[in-house]
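run.cif follows; it contains mmCIF, C-alpha atoms.
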```cif
data_entry
loop_
_atom_site.label_atom_id
_atom_site.label_comp_id
_atom_site.auth_asym_id
_atom_site.auth_seq_id
_atom_site.Cartn_x
_atom_site.Cartn_y
_atom_site.Cartn_z
CA MET A 266 90.49 9.16 -115.31
CA ASN A 267 87.80 9.56 -112.70
CA CYS A 268 87.65 8.06 -109.20
CA ILE A 269 85.33 5.18 -110.17
CA LYS A 270 87.70 3.89 -112.85
CA VAL A 271 90.73 4.40 -110.64
CA GLU A 272 89.06 2.56 -107.75
CA LYS A 273 88.57 -0.46 -110.00
CA LEU A 274 92.18 -0.50 -111.10
CA LEU A 275 93.81 0.22 -107.74
CA PRO A 276 94.23 -3.45 -106.69
CA LEU A 277 96.23 -4.12 -109.84
CA TYR A 278 98.07 -0.82 -109.55
CA ALA A 279 99.27 -1.80 -106.08
CA GLY A 280 100.92 -4.92 -107.50
CA HIS A 281 102.26 -3.24 -110.67
CA ASP A 282 100.04 -5.43 -112.79
CA LEU A 283 98.95 -2.63 -115.12
CA SER A 284 100.42 -1.41 -118.38
CA GLY A 285 102.78 1.60 -118.24
CA ARG A 286 100.24 4.01 -119.71
CA ARG A 287 97.49 3.10 -117.24
CA GLU A 288 99.92 3.20 -114.36
CA ARG A 289 100.97 6.73 -115.29
CA LEU A 290 97.36 7.87 -115.59
CA ILE A 291 96.52 6.48 -112.16
CA ALA A 292 99.66 7.99 -110.62
CA ALA A 293 98.60 11.36 -112.00
CA HIS A 294 95.10 10.94 -110.56
CA LEU A 295 96.44 9.91 -107.15
CA ARG A 296 98.47 13.11 -106.92
CA SER A 297 95.26 15.14 -107.12
CA CYS A 298 92.78 12.85 -105.26
CA THR A 299 93.21 12.27 -101.55
CA ALA A 300 90.53 9.56 -101.20
CA CYS A 301 92.04 7.44 -103.96
CA SER A 302 95.57 7.91 -102.65
CA VAL A 303 94.41 6.69 -99.21
CA ALA A 304 92.83 3.62 -100.84
CA ALA A 305 96.00 3.01 -102.84
CA ALA A 306 98.05 3.19 -99.65
CA GLU A 307 95.78 0.59 -98.05
CA TYR A 308 96.19 -1.72 -101.02
CA ARG A 309 99.96 -1.31 -100.89
CA GLU A 310 99.99 -2.03 -97.18
CA ALA A 311 97.84 -5.14 -97.61
CA ARG A 312 100.14 -6.36 -100.34
CA GLU A 313 103.20 -5.80 -98.20
CA ILE A 314 101.63 -7.87 -95.47
CA ILE A 315 100.95 -10.62 -97.99
CA LEU A 316 104.57 -10.49 -99.11
CA ARG A 317 105.64 -11.05 -95.52
CA PHE A 318 103.29 -13.98 -95.19
CA THR A 319 106.01 -16.58 -94.83
CA PRO A 320 105.58 -20.11 -93.53
CA PRO A 321 107.38 -21.22 -90.39
CA ALA A 322 110.87 -22.61 -90.75
CA PHE A 323 110.29 -26.32 -91.09
CA SER A 324 112.94 -28.57 -89.61
CA SER A 325 115.28 -30.65 -91.73
CA GLU A 326 113.93 -33.72 -89.90
CA LEU A 327 110.50 -32.96 -91.30
CA TYR A 328 111.86 -32.80 -94.85
CA ALA A 329 113.84 -36.01 -94.32
CA ASP A 330 110.70 -37.65 -93.00
CA ILE A 331 108.73 -36.56 -96.07
CA ARG A 332 111.39 -37.95 -98.42
CA LYS A 333 111.50 -41.20 -96.46
CA SER A 334 107.72 -41.54 -96.68
CA VAL A 335 107.82 -40.86 -100.41
CA TRP A 336 110.39 -43.61 -100.96
CA GLN A 337 108.42 -46.03 -98.82
CA GLN A 338 105.30 -45.34 -100.80
CA ILE A 339 107.14 -45.67 -104.12
CA GLU A 340 108.53 -48.99 -102.94
CA THR A 341 105.11 -50.20 -101.84
CA GLU A 342 103.51 -49.24 -105.14
CA SER A 343 106.24 -50.72 -107.32
CA ARG A 344 106.46 -54.03 -105.43
CA VAL A 345 104.70 -57.01 -107.00
CA PRO A 346 102.00 -58.14 -104.58
CA THR A 347 102.19 -61.65 -103.14
CA PHE A 348 99.48 -64.23 -103.70
CA PHE A 349 97.89 -63.57 -100.32
CA GLU A 350 97.97 -59.81 -100.88
CA THR A 351 96.21 -60.28 -104.20
CA ILE A 352 93.54 -62.39 -102.53
CA ALA A 353 93.24 -59.89 -99.68
CA ALA A 354 92.85 -57.09 -102.19
CA TRP A 355 89.64 -58.69 -103.44
CA PHE A 356 88.15 -58.24 -99.99
CA GLN A 357 88.71 -54.53 -99.91
CA PRO A 358 85.49 -52.70 -99.05
CA ARG A 359 84.99 -51.25 -102.54
CA PHE A 360 85.31 -54.67 -104.19
CA VAL A 361 83.03 -56.25 -101.62
CA TRP A 362 80.41 -53.60 -102.27
CA THR A 363 80.73 -54.08 -106.02
CA ALA A 364 80.40 -57.85 -105.69
CA ALA A 365 77.40 -57.49 -103.37
CA ALA A 366 75.69 -55.13 -105.82
CA ALA A 367 76.37 -57.51 -108.72
CA LEU A 368 75.02 -60.45 -106.73
CA LEU A 369 71.91 -58.48 -105.84
CA VAL A 370 71.29 -57.63 -109.49
CA ILE A 371 71.76 -61.26 -110.54
CA LEU A 372 69.39 -62.48 -107.83
CA SER A 373 66.80 -59.87 -108.82
CA VAL A 374 66.97 -60.91 -112.48
CA VAL A 375 66.69 -64.61 -111.62
CA GLY A 376 63.84 -63.91 -109.21
CA ALA A 377 61.99 -61.84 -111.77
CA TYR A 378 62.45 -64.58 -114.36
CA PHE A 379 61.00 -67.29 -112.13
CA SER A 380 58.19 -65.03 -110.99
CA ALA A 381 57.27 -64.35 -114.60
CA ARG A 382 57.28 -68.07 -115.31
CA ARG A 383 55.14 -68.79 -112.28
CA PHE A 384 52.43 -66.40 -113.35
CA THR A 385 52.45 -67.52 -116.94
CA GLY A 386 49.34 -69.59 -117.83
CA ARG A 387 50.04 -73.28 -117.27
CA PRO A 388 48.10 -75.44 -119.70
CA GLU A 389 47.89 -78.39 -117.30
CA ALA A 390 46.46 -76.15 -114.59
CA ILE A 391 43.97 -74.72 -116.98
CA ALA A 392 43.01 -78.19 -118.09
CA ASN A 393 42.20 -79.19 -114.53
CA ILE A 394 39.79 -76.37 -113.97
CA PRO A 395 36.31 -77.63 -114.66
CA GLY A 396 34.54 -75.58 -117.27
CA ALA A 397 37.61 -73.51 -117.95
CA VAL A 398 38.21 -74.88 -121.39
CA GLN A 399 35.63 -75.44 -123.99
CA GLN A 400 35.87 -76.91 -127.36
CA PRO A 401 35.32 -74.49 -130.13
CA GLN A 402 31.89 -74.92 -131.41
CA ASN A 403 32.03 -73.98 -134.95
CA LYS A 404 28.65 -75.15 -135.80
CA PRO A 405 27.29 -73.72 -139.00
CA GLY A 406 24.80 -71.64 -137.14
CA GLU A 407 27.42 -70.17 -134.76
CA THR A 408 30.11 -69.23 -137.23
CA VAL A 409 31.33 -65.78 -136.47
CA ALA A 410 31.18 -63.49 -139.39
CA GLY A 411 34.54 -61.88 -140.15
CA PHE A 412 36.42 -64.03 -137.59
CA SER A 413 40.02 -64.69 -138.46
CA ASN A 414 43.00 -65.31 -136.27
CA PRO A 415 46.42 -65.23 -137.94
CA ASN A 416 48.15 -66.16 -134.69
CA LYS A 417 46.14 -69.24 -134.11
CA ARG A 418 48.16 -72.27 -133.11
CA THR A 419 47.30 -75.87 -132.72
CA THR A 420 46.21 -76.33 -129.15
CA GLU A 421 44.51 -79.66 -129.24
CA SER A 422 46.91 -80.95 -126.63
CA HIS A 423 45.59 -78.36 -124.23
CA GLN A 424 42.04 -79.36 -124.70
CA VAL A 425 40.28 -81.67 -122.33
CA ASN A 426 36.97 -83.32 -122.53
CA ILE A 427 35.00 -81.09 -120.29
CA PRO A 428 31.34 -80.56 -120.92
CA ALA A 429 30.72 -77.35 -122.68
CA ARG A 430 29.34 -74.62 -120.50
CA GLN A 431 25.86 -73.63 -121.13
CA ARG A 432 25.79 -70.36 -122.89
CA LYS A 433 23.11 -68.06 -123.77
CA PRO A 434 22.11 -68.23 -127.36
CA GLY A 435 23.66 -65.76 -129.69
CA ARG A 436 27.03 -65.57 -127.90
CA MET A 437 30.25 -65.79 -129.82
CA VAL A 438 32.94 -68.08 -128.46
CA VAL A 439 36.55 -67.57 -129.31
CA PRO A 440 38.40 -70.83 -129.93
CA ASP A 441 41.10 -71.91 -127.52
CA GLN A 442 44.44 -70.23 -128.06
CA ALA A 443 47.68 -70.42 -126.18
CA GLY A 444 49.50 -67.22 -125.40
CA SER A 445 47.93 -64.02 -126.54
CA VAL A 446 44.48 -64.05 -127.99
CA ALA A 447 43.01 -61.76 -130.52
CA ALA A 448 39.28 -61.88 -130.71
CA TYR A 449 37.34 -60.02 -133.24
CA SER A 450 33.80 -58.95 -132.93
CA PRO A 451 31.64 -58.69 -135.97
CA ASP A 452 32.54 -55.01 -135.97
CA ALA A 453 36.23 -55.90 -135.98
CA GLN A 454 36.82 -54.70 -132.42
CA VAL A 455 39.95 -56.25 -130.99
CA THR A 456 40.56 -57.49 -127.50
CA LYS A 457 44.05 -58.67 -126.64
CA ILE A 458 44.84 -60.71 -123.56
CA GLU A 459 48.47 -61.26 -122.67
CA SER A 460 49.67 -64.70 -121.75
CA SER A 461 50.84 -63.46 -118.37
CA SER A 462 47.36 -62.29 -117.53
CA PRO A 463 45.78 -64.00 -114.53
CA ILE A 464 42.76 -64.47 -116.68
CA ILE A 465 42.65 -67.95 -118.08
CA GLY A 466 40.19 -69.85 -120.12
CA THR A 467 40.39 -67.33 -122.87
CA GLU A 468 38.59 -69.83 -124.98
CA ASN A 469 35.57 -68.64 -123.08
CA LEU A 470 35.92 -65.12 -124.31
CA ASP A 471 32.48 -64.31 -125.43
CA LEU A 472 31.61 -61.45 -127.58
CA GLY A 473 27.96 -61.43 -126.94
CA SER A 474 25.55 -60.36 -129.50
CA GLY A 475 22.49 -61.11 -127.50
CA THR A 476 22.18 -57.59 -126.22
CA SER A 477 20.96 -54.61 -128.03
CA ALA A 478 22.41 -53.74 -131.40
CA GLY A 479 24.53 -50.85 -130.09
CA THR A 480 26.08 -52.76 -127.15
CA LEU A 481 28.85 -55.36 -127.20
CA ARG A 482 28.82 -57.93 -124.39
CA MET A 483 32.12 -59.63 -123.51
CA GLU A 484 32.81 -62.47 -121.08
CA ILE A 485 36.06 -63.92 -119.82
CA GLN A 486 36.42 -66.94 -117.58
CA THR A 487 39.07 -66.54 -114.87
CA ARG A 488 41.05 -69.31 -113.22
CA ASP A 489 38.44 -69.56 -110.61
CA PRO A 490 35.56 -71.36 -112.32
CA ASN A 491 33.16 -69.41 -110.17
CA ILE A 492 34.37 -66.05 -111.38
CA ARG A 493 33.52 -64.78 -114.77
CA ILE A 494 34.13 -61.27 -115.99
CA ILE A 495 31.34 -59.81 -118.02
CA TRP A 496 31.27 -56.35 -119.37
CA PHE A 497 29.35 -54.29 -121.82
CA THR A 498 30.67 -51.67 -124.15
CA GLN A 499 29.34 -49.54 -126.92
CA ARG A 500 29.98 -50.94 -130.34
CA ASP A 501 31.01 -47.49 -131.54
CA MET B 243 121.51 -36.58 -122.95
CA ASN B 244 125.21 -36.25 -122.40
CA ALA B 245 125.83 -33.35 -120.13
CA PRO B 246 129.13 -33.69 -118.38
CA GLY B 247 128.77 -30.19 -117.02
CA GLY B 248 125.37 -31.04 -115.66
CA ALA B 249 126.62 -34.32 -114.22
CA SER B 250 129.48 -32.67 -112.42
CA MET B 251 127.15 -29.99 -111.15
CA MET B 252 124.80 -32.64 -109.86
CA ALA B 253 127.61 -34.54 -108.18
CA LEU B 254 128.73 -31.30 -106.63
CA ALA B 255 125.21 -30.58 -105.45
CA ILE B 256 124.96 -34.03 -103.88
CA GLU B 257 128.30 -33.88 -102.17
CA MET B 258 128.20 -30.33 -100.96
CA GLN B 259 124.47 -30.09 -100.25
CA LEU B 260 124.29 -26.84 -102.16
CA PRO B 261 121.45 -24.44 -101.55
CA GLU B 262 118.11 -25.07 -103.13
CA ASP B 263 118.36 -22.46 -105.85
CA VAL B 264 121.55 -23.89 -107.35
CA LEU B 265 119.58 -26.19 -109.57
CA ALA B 266 117.05 -23.49 -110.36
CA ARG B 267 119.89 -21.33 -111.66
CA ASN B 268 121.69 -24.10 -113.46
CA LYS B 269 119.26 -25.34 -116.07
CA SER B 270 121.54 -27.96 -117.59
CA ALA B 271 122.22 -29.60 -114.22
CA LEU B 272 118.52 -29.68 -113.49
CA ALA B 273 117.72 -31.11 -116.91
CA TYR B 274 120.33 -33.80 -116.42
CA LEU B 275 118.93 -34.68 -112.99
CA ILE B 276 115.40 -34.89 -114.37
CA GLU B 277 116.52 -37.14 -117.19
CA ARG B 278 118.31 -39.48 -114.85
CA ALA B 279 115.45 -39.51 -112.38
CA ALA B 280 113.00 -40.29 -115.18
CA ALA B 281 115.27 -43.19 -116.16
CA GLY B 282 114.93 -44.58 -112.65
CA ASP B 283 117.95 -43.10 -110.88
CA SER B 284 116.82 -42.79 -107.29
CA ALA B 285 119.79 -40.60 -106.25
CA ALA B 286 118.81 -38.08 -108.91
CA PHE B 287 115.21 -38.06 -107.75
CA GLU B 288 116.35 -37.62 -104.16
CA GLN B 289 118.27 -34.53 -105.28
CA ILE B 290 115.21 -33.20 -107.06
CA MET B 291 113.22 -33.62 -103.86
CA ILE B 292 115.91 -31.95 -101.77
CA HIS B 293 116.10 -28.98 -104.09
CA SER B 294 112.36 -28.44 -104.38
CA GLN B 295 111.05 -29.50 -100.98
CA GLN B 296 111.09 -26.02 -99.45
CA ARG B 297 109.11 -24.50 -102.30
CA VAL B 298 106.60 -27.33 -102.26
CA MET B 299 106.19 -27.29 -98.48
CA ALA B 300 105.87 -23.49 -98.32
CA MET B 301 103.34 -23.38 -101.12
CA SER B 302 101.34 -26.22 -99.56
CA TRP B 303 101.36 -24.52 -96.18
CA ARG B 304 100.14 -21.25 -97.69
CA MET B 305 97.37 -23.03 -99.55
CA LEU B 306 96.27 -25.38 -96.79
CA GLY B 307 97.16 -23.45 -93.69
CA ASN B 308 98.63 -26.10 -91.43
CA GLU B 309 101.75 -28.18 -91.22
CA ALA B 310 100.10 -31.60 -91.15
CA ASP B 311 98.16 -31.05 -94.37
CA ALA B 312 101.15 -29.35 -95.98
CA ARG B 313 103.26 -32.38 -95.14
CA ASP B 314 100.71 -34.75 -96.68
CA ALA B 315 100.46 -32.53 -99.73
CA SER B 316 104.25 -32.41 -100.18
CA GLN B 317 104.43 -36.17 -99.98
CA GLU B 318 101.71 -36.54 -102.58
CA VAL B 319 103.36 -33.93 -104.81
CA PHE B 320 106.65 -35.84 -104.87
CA LEU B 321 104.84 -39.09 -105.54
CA ARG B 322 103.13 -37.52 -108.54
CA VAL B 323 106.39 -35.99 -109.71
CA TYR B 324 107.99 -39.43 -109.58
CA LYS B 325 105.05 -40.99 -111.38
CA TYR B 326 104.77 -38.41 -114.16
CA LEU B 327 108.39 -37.37 -114.56
CA LYS B 328 108.61 -39.20 -117.88
CA ARG B 329 105.80 -37.01 -119.21
CA TYR B 330 107.53 -33.79 -118.19
CA ASP B 331 108.41 -31.58 -121.16
CA GLN B 332 111.97 -30.31 -120.82
CA ASN B 333 111.03 -27.09 -122.61
CA GLN B 334 108.83 -25.89 -119.80
CA ASP B 335 109.93 -24.56 -116.44
CA PHE B 336 110.36 -27.48 -114.03
CA PHE B 337 109.41 -25.53 -110.93
CA ALA B 338 106.31 -24.14 -112.63
CA TRP B 339 105.40 -27.76 -113.38
CA ILE B 340 105.94 -28.66 -109.72
CA TYR B 341 103.84 -25.66 -108.67
CA ARG B 342 101.04 -26.88 -110.92
CA ILE B 343 101.14 -30.30 -109.31
CA THR B 344 101.20 -28.68 -105.88
CA VAL B 345 98.19 -26.52 -106.67
CA ASN B 346 96.27 -29.57 -107.91
CA VAL B 347 97.21 -31.67 -104.90
CA CYS B 348 96.22 -28.87 -102.51
CA ARG B 349 92.90 -28.49 -104.31
CA ASP B 350 92.25 -32.23 -103.89
CA ILE B 351 93.13 -32.07 -100.20
CA LEU B 352 90.89 -29.04 -99.68
CA LYS B 353 88.02 -30.87 -101.39
CA GLN B 354 88.58 -33.86 -99.16
CA ARG B 355 88.76 -31.61 -96.15
CA ARG B 356 85.46 -29.99 -97.08
CA GLN B 357 83.91 -33.42 -97.30
CA ASP B 358 85.27 -34.24 -93.88
CA ASN B 359 83.92 -30.91 -92.58
CA ARG B 360 87.26 -29.96 -91.27
CA ILE B 361 87.89 -26.31 -90.58
CA VAL B 362 90.83 -24.49 -92.08
CA SER B 363 93.11 -23.57 -89.24
CA LEU B 364 95.34 -21.12 -91.03
CA GLU B 365 94.79 -18.38 -88.50
CA ALA B 366 95.66 -20.66 -85.60
CA ASN B 367 98.87 -21.72 -87.27
CA ALA B 368 99.65 -18.17 -88.21
CA GLY B 369 99.84 -17.40 -84.53
CA GLU B 370 102.25 -20.27 -83.97
CA GLN B 371 104.26 -19.23 -86.96
CA ALA B 372 104.56 -15.70 -85.70
CA LEU B 373 106.04 -17.02 -82.49
CA GLU B 374 108.44 -19.32 -84.28
CA VAL B 375 109.79 -16.79 -86.75
CA PRO B 376 112.15 -14.34 -85.10
CA ALA B 377 110.69 -10.87 -85.14
CA SER B 378 112.60 -8.21 -87.00
CA GLU B 379 111.32 -5.40 -84.79
CA ASP B 380 113.14 -4.57 -81.59
CA ASP B 381 110.18 -3.15 -79.90
CA ALA B 382 107.77 -5.58 -78.16
CA GLU B 383 104.87 -3.48 -79.32
CA GLN B 384 106.05 -3.74 -82.87
CA THR B 385 106.35 -7.52 -82.49
CA LEU B 386 102.81 -7.73 -81.24
CA LEU B 387 101.61 -5.57 -84.10
CA SER B 388 103.47 -7.78 -86.55
CA THR B 389 101.89 -10.88 -85.03
CA GLN B 390 98.45 -9.33 -85.32
CA ARG B 391 99.10 -8.43 -88.94
CA ARG B 392 100.20 -11.95 -89.76
CA GLN B 393 97.16 -13.42 -88.13
CA LEU B 394 94.99 -10.94 -89.93
CA ILE B 395 96.43 -11.69 -93.35
CA ALA B 396 96.27 -15.40 -92.67
CA GLN B 397 92.59 -15.07 -91.80
CA ALA B 398 92.02 -12.92 -94.86
CA ILE B 399 93.67 -15.47 -97.16
CA THR B 400 91.64 -18.23 -95.58
CA THR B 401 88.43 -16.51 -96.58
CA LEU B 402 89.43 -16.39 -100.26
CA PRO B 403 88.08 -18.88 -102.79
CA TYR B 404 90.59 -21.50 -103.86
CA LYS B 405 91.47 -20.00 -107.27
CA GLU B 406 91.93 -16.53 -105.83
CA ARG B 407 94.04 -17.92 -103.02
CA ALA B 408 96.24 -19.78 -105.49
CA SER B 409 96.56 -16.71 -107.71
CA ILE B 410 97.50 -14.35 -104.90
CA VAL B 411 99.95 -16.79 -103.33
CA LEU B 412 101.69 -17.52 -106.63
CA ARG B 413 101.72 -13.90 -107.78
CA ASP B 414 102.41 -11.96 -104.59
CA VAL B 415 104.08 -14.45 -102.29
CA GLU B 416 106.00 -16.62 -104.75
CA GLY B 417 106.60 -13.59 -106.96
CA LEU B 418 105.71 -15.25 -110.27
CA SER B 419 104.55 -13.22 -113.25
CA THR B 420 100.85 -13.10 -114.14
CA GLU B 421 101.53 -15.15 -117.28
CA ALA B 422 103.38 -17.80 -115.29
CA VAL B 423 100.54 -17.97 -112.78
CA ALA B 424 98.07 -18.32 -115.64
CA LYS B 425 100.08 -21.25 -117.02
CA ILE B 426 100.24 -22.97 -113.66
CA LEU B 427 96.53 -22.54 -113.05
CA GLU B 428 95.77 -23.46 -116.67
CA SER B 429 93.91 -20.21 -117.10
CA SER B 430 94.25 -16.95 -119.02
CA ALA B 431 96.26 -13.93 -117.87
CA THR B 432 93.10 -11.82 -117.87
CA THR B 433 91.34 -14.28 -115.57
CA VAL B 434 94.32 -14.36 -113.25
CA ARG B 435 94.44 -10.54 -113.13
CA SER B 436 90.75 -10.51 -112.29
CA GLN B 437 91.27 -13.09 -109.54
CA ILE B 438 94.24 -11.18 -108.13
CA SER B 439 92.30 -7.92 -108.19
CA SER B 440 89.35 -9.53 -106.44
CA ALA B 441 91.60 -11.17 -103.85
CA ARG B 442 93.38 -7.89 -103.04
CA LYS B 443 90.07 -6.10 -102.67
CA LYS B 444 88.82 -8.76 -100.28
CA ILE B 445 92.03 -8.74 -98.25
CA ARG B 446 91.91 -4.95 -97.97
CA ALA B 447 88.24 -5.07 -96.98
CA TYR B 448 89.01 -7.75 -94.42
CA CYS B 449 91.84 -5.69 -92.97
CA ARG B 450 89.61 -2.61 -92.80
CA ARG B 451 86.85 -4.53 -91.06
CA ALA B 452 89.31 -6.03 -88.62
CA SER B 453 90.88 -2.66 -87.83
CA THR B 454 87.44 -1.15 -87.29
CA THR B 455 86.51 -3.98 -84.93
CA ASN B 456 89.79 -3.92 -83.01
CA GLY B 457 90.10 -0.16 -83.12
CA SER B 458 93.64 -0.34 -84.41
CA PRO B 459 95.08 0.02 -87.89
CA PRO B 460 96.01 -3.23 -89.68
#
```
Can you turn what I pasted into structure tokens?
Amino acid sequence: MNCIKVEKLLPLYAGHDLSGRRERLIAAHLRSCTACSVAAAEYREAREIILRFTPPAFSSELYADIRKSVWQQIETESRVPTFFETIAAWFQPRFVWTAAAALLVILSVVGAYFSARRFTGRPEAIANIPGAVQQPQNKPGETVAGFSNPNKRTTESHQVNIPARQRKPGRMVVPDQAGSVAAYSPDAQVTKIESSSPIIGTENLDLGSGTSAGTLRMEIQTRDPNIRIIWFTQRD
Amino acid sequence: MNAPGGASMMALAIEMQLPEDVLARNKSALAYLIERAAAGDSAAFEQIMIHSQQRVMAMSWRMLGNEADARDASQEVFLRVYKYLKRYDQNQDFFAWIYRITVNVCRDILKQRRQDNRIVSLEANAGEQALEVPASEDDAEQTLLSTQRRQLIAQAITTLPYKERASIVLRDVEGLSTEAVAKILESSATTVRSQISSARKKIRAYCRRASTTNGSPP
């Protein structure tokens, strides 16, 4: 055994934690190596100090006090709590925090629900906006080729007798639909508007064809009758 | 379990306040006490506390380094013993089981202490302890040297990680075998040997550093 190996095993050798064979090999090495025998002596000395590391002599009063506290705690834990103690337990900080967090979550959910409802398109509001709703004009000359709407619902109740807005010739008008709207251009391009969108008057969604052949013109009437969104996009 | 021998031994222990290790030596008396305590006999549990309190308190003090924390730990250990006594397997060593609970309780207290940013005051208490324990040396110089050594080893143990501290205390101070320490720490004997080896190296290095600084041998 060389010094490097012995150095690694010396801490265990000092506490007799090695097997008999290894212990004999190290003992033989220590007889011939001064440096390792000095290190071994240091380990032995440190271990002897550890062995003498005794706690102070605690008084019998201290032990009696510990036992008394243990019994008191056992008694407290095993006792059935009174009605008032049960009620008081609900107001412990951890329960209060839990209840506050739960209340906050409930309030947030309720708030979000009502907010969502508030921003949902209200038919009566839409009906009161002049020019916001137009009757579908499915005149023979304006029939949109390829138009089909599987989600179409009866929305006559939402319709009001408002004069139809003047449109440029050649525009396509999507009929009034509640909720989401799917409008199809002649090239089967799809535009979807969610019911929660601030844009109303989706019946005024125009897929213009009056522009050049490669450009698609689209118009949407917002809640504000004075604001209309118009944009152009490539048909491709 | 009918153990008239154990019962008489227990009665004798109660009446005569026999030394702590009586129950450790007499397995049947201890088993009988445990059984009765688990059944709800408070006198039997009191005897268990009396006969294990010194071990628990000493171990807690070595792990935590001060009397106040050791006292809290001992209290918590006995509460857990009371709570889980029904789960105790009679085939295993009762005091090893108590040591395991003690080690776990001390670990919890140390964690809590770290959260509270409290500083381990083992070295400070070691000084007090050295004054309290009567010195074996006649010479005043020897007493001073002994005090310094105690403080030094206390400081060295304080610097050890928790697992190494537990291993070295159980193996070297409590004198348990490596296998017993491994069982208590729920670890393998190889791991415990490694921890003990590392702890001894650190303690030796600490002593060397200290002696170099102070200019005197540890």
* To do: Tell me, as a VMD selection string, which residues lie within 8 Å of segment 395-411 of chain B, counting all atoms listed in the file; anything in the same chain fewer than 3 positions away does not count.
  => (chain A and resid 311 314 to 315 318) or (chain B and resid 301 304 to 305 307 345 349 362 364 to 365 368 391 to 392 414 to 416 423 427 434 437 to 438 440 to 442 444 to 445 448 to 449)
* Structure fact -> Using only C-alpha atoms, the residue out of A:Thr319, A:Asn267, A:Asn491, A:Ser373 with shortest distance to chain B is A:Thr319
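Neighbouring residues of Ile340 of chain B at 10 Å or closer, counting all atoms listed in the file and skipping chain neighbours under 2 positions away, are Ser294, Arg297, Val298, Val319, Phe320, Arg322, Val323, Asp335, Phe336, Phe337, Ala338, Arg342, Ile343, Thr344, Val345, Asn346 and Ile426 of chain B.
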* Can you pull out every residue within 12 Å of segment 276-293 of chain A, counting only C-alpha atoms, but drop anything in the same chain fewer than 4 positions away, and send it as number ranges by chain? => A: 266-272, 297-299, 301-313, 315-316; B: 410, 413-415, 417-421, 431-432, 434-447
* Asked: Which residue out of A:Leu372, A:Ala353, A:Val361, A:Leu327 has the minimum interatomic distance to chain B when all atoms listed in the file are used?
  -> A:Leu327
